[in-house]
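Take a look at the structure below.
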Amino acid sequence: MNYNIIDVFKDILKGNLEFVSKQEANSRFEICKKCEVRNPKLNICTICGCFLPAKTKLKKSTCPMNQW
Ligand code: SF4
């Protein structure tokens with residue numbers, strides 16, 4: 001199951017929220033920017049509904065299309 005917003009809140013409460021490096025986050029975001037399922041106005045992934053500037057920074061986050 002994909003890491004979702006509920007999991008994020010659970011990790012925040014447990015103090016377990018982990019992030020990737022800035023370089024890794026930028027690399028993920030560059031892939032998302034070229035992806036056909038990204039909503040460019042809202043900057044969300046239309047498959048998982050996640051806000052991409054946040055999603056791409058989270059260590060446990062995964063791309064639903066296995067692009068990163
Ligand atoms: S998370 Fe994956 S499927 Fe969603 S916009 Fe980014 S590259 Fe596309």
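To be explicit about the labels: the chains of the structure tokens are called A, B, and onward in the order shown, and within each one the residues are counted from 1, while ligands get numbers from 1 in the order they are shown.
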Ligand 1 neighbours within 6 Å using only C-alpha atoms and all ligand atoms, as a PDB file with N, CA and C atoms, in the first residue's frame:
```pdb
ATOM      1  N   ILE A  31      10.995  14.704 -12.515  1.00  0.00           N
ATOM      2  CA  ILE A  31      10.266  13.614 -13.189  1.00  0.00           C
ATOM      3  C   ILE A  31       8.767  13.919 -13.156  1.00  0.00           C
ATOM      4  N   CYS A  32       8.273  14.329 -12.007  1.00  0.00           N
ATOM      5  CA  CYS A  32       6.846  14.658 -11.879  1.00  0.00           C
ATOM      6  C   CYS A  32       6.443  15.792 -12.827  1.00  0.00           C
ATOM      7  N   CYS A  35       5.504  14.515 -16.107  1.00  0.00           N
ATOM      8  CA  CYS A  35       4.553  13.393 -16.094  1.00  0.00           C
ATOM      9  C   CYS A  35       3.163  13.832 -16.570  1.00  0.00           C
ATOM     10  N   VAL A  37       0.287  12.696 -15.803  1.00  0.00           N
ATOM     11  CA  VAL A  37      -0.812  12.665 -14.819  1.00  0.00           C
ATOM     12  C   VAL A  37      -0.677  13.752 -13.746  1.00  0.00           C
ATOM     13  N   ARG A  38       0.323  14.616 -13.888  1.00  0.00           N
ATOM     14  CA  ARG A  38       0.453  15.741 -12.950  1.00  0.00           C
ATOM     15  C   ARG A  38      -0.553  16.827 -13.336  1.00  0.00           C
ATOM     16  N   CYS A  45      -0.445  15.045  -8.016  1.00  0.00           N
ATOM     17  CA  CYS A  45      -0.484  13.822  -8.822  1.00  0.00           C
ATOM     18  C   CYS A  45      -1.950  13.389  -8.864  1.00  0.00           C
ATOM     19  N   CYS A  63       6.262   6.679  -6.084  1.00  0.00           N
ATOM     20  CA  CYS A  63       5.487   7.074  -7.263  1.00  0.00           C
ATOM     21  C   CYS A  63       4.541   5.938  -7.624  1.00  0.00           C
ATOM     22  N   PRO A  64       3.238   6.222  -7.793  1.00  0.00           N
ATOM     23  CA  PRO A  64       2.293   5.157  -8.145  1.00  0.00           C
ATOM     24  C   PRO A  64       2.523   4.557  -9.529  1.00  0.00           C
ATOM     25  N   MET A  65       3.323   5.244 -10.374  1.00  0.00           N
ATOM     26  CA  MET A  65       3.639   4.712 -11.708  1.00  0.00           C
ATOM     27  C   MET A  65       5.089   4.218 -11.763  1.00  0.00           C
ATOM     28  N   GLN A  67       7.853   5.690 -11.412  1.00  0.00           N
ATOM     29  CA  GLN A  67       8.775   6.524 -12.208  1.00  0.00           C
ATOM     30  C   GLN A  67       9.946   7.039 -11.373  1.00  0.00           C
TER      31      GLN A  67
END
```
(request) Identify, on the basis of only C-alpha atoms, every residue whose closest approach to Ser27 of chain A does not exceed 12 Å; exclude the query and any residue fewer than 4 positions from it along the same chain; express the result as a list in words. (result)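 Within the cut-off, the hits are Val20, Ser21, Lys22, Gln23, Ile31, Cys32, Lys33, Lys34, Pro53, Thr56, Lys57, Gln67 and Trp68 of chain A.
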(message) Neighbouring residues of Leu17 of chain A were defined as those with any atom within 9 Å, considering only C-alpha atoms; residues of the same chain fewer than 3 positions away were excluded. Please report them as a ChimeraX atom specification.
(response) /A:8-14,58-60
(request) Check the smallest atom-to-atom distance from each of A:Asn2, A:Asn39, A:Phe19, A:Glu24 to Phe51 of chain A using only C-alpha atoms, then report the winner. (result)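 Once distances to Phe51 of chain A are computed over only C-alpha atoms, the minimum belongs to A:Asn39.
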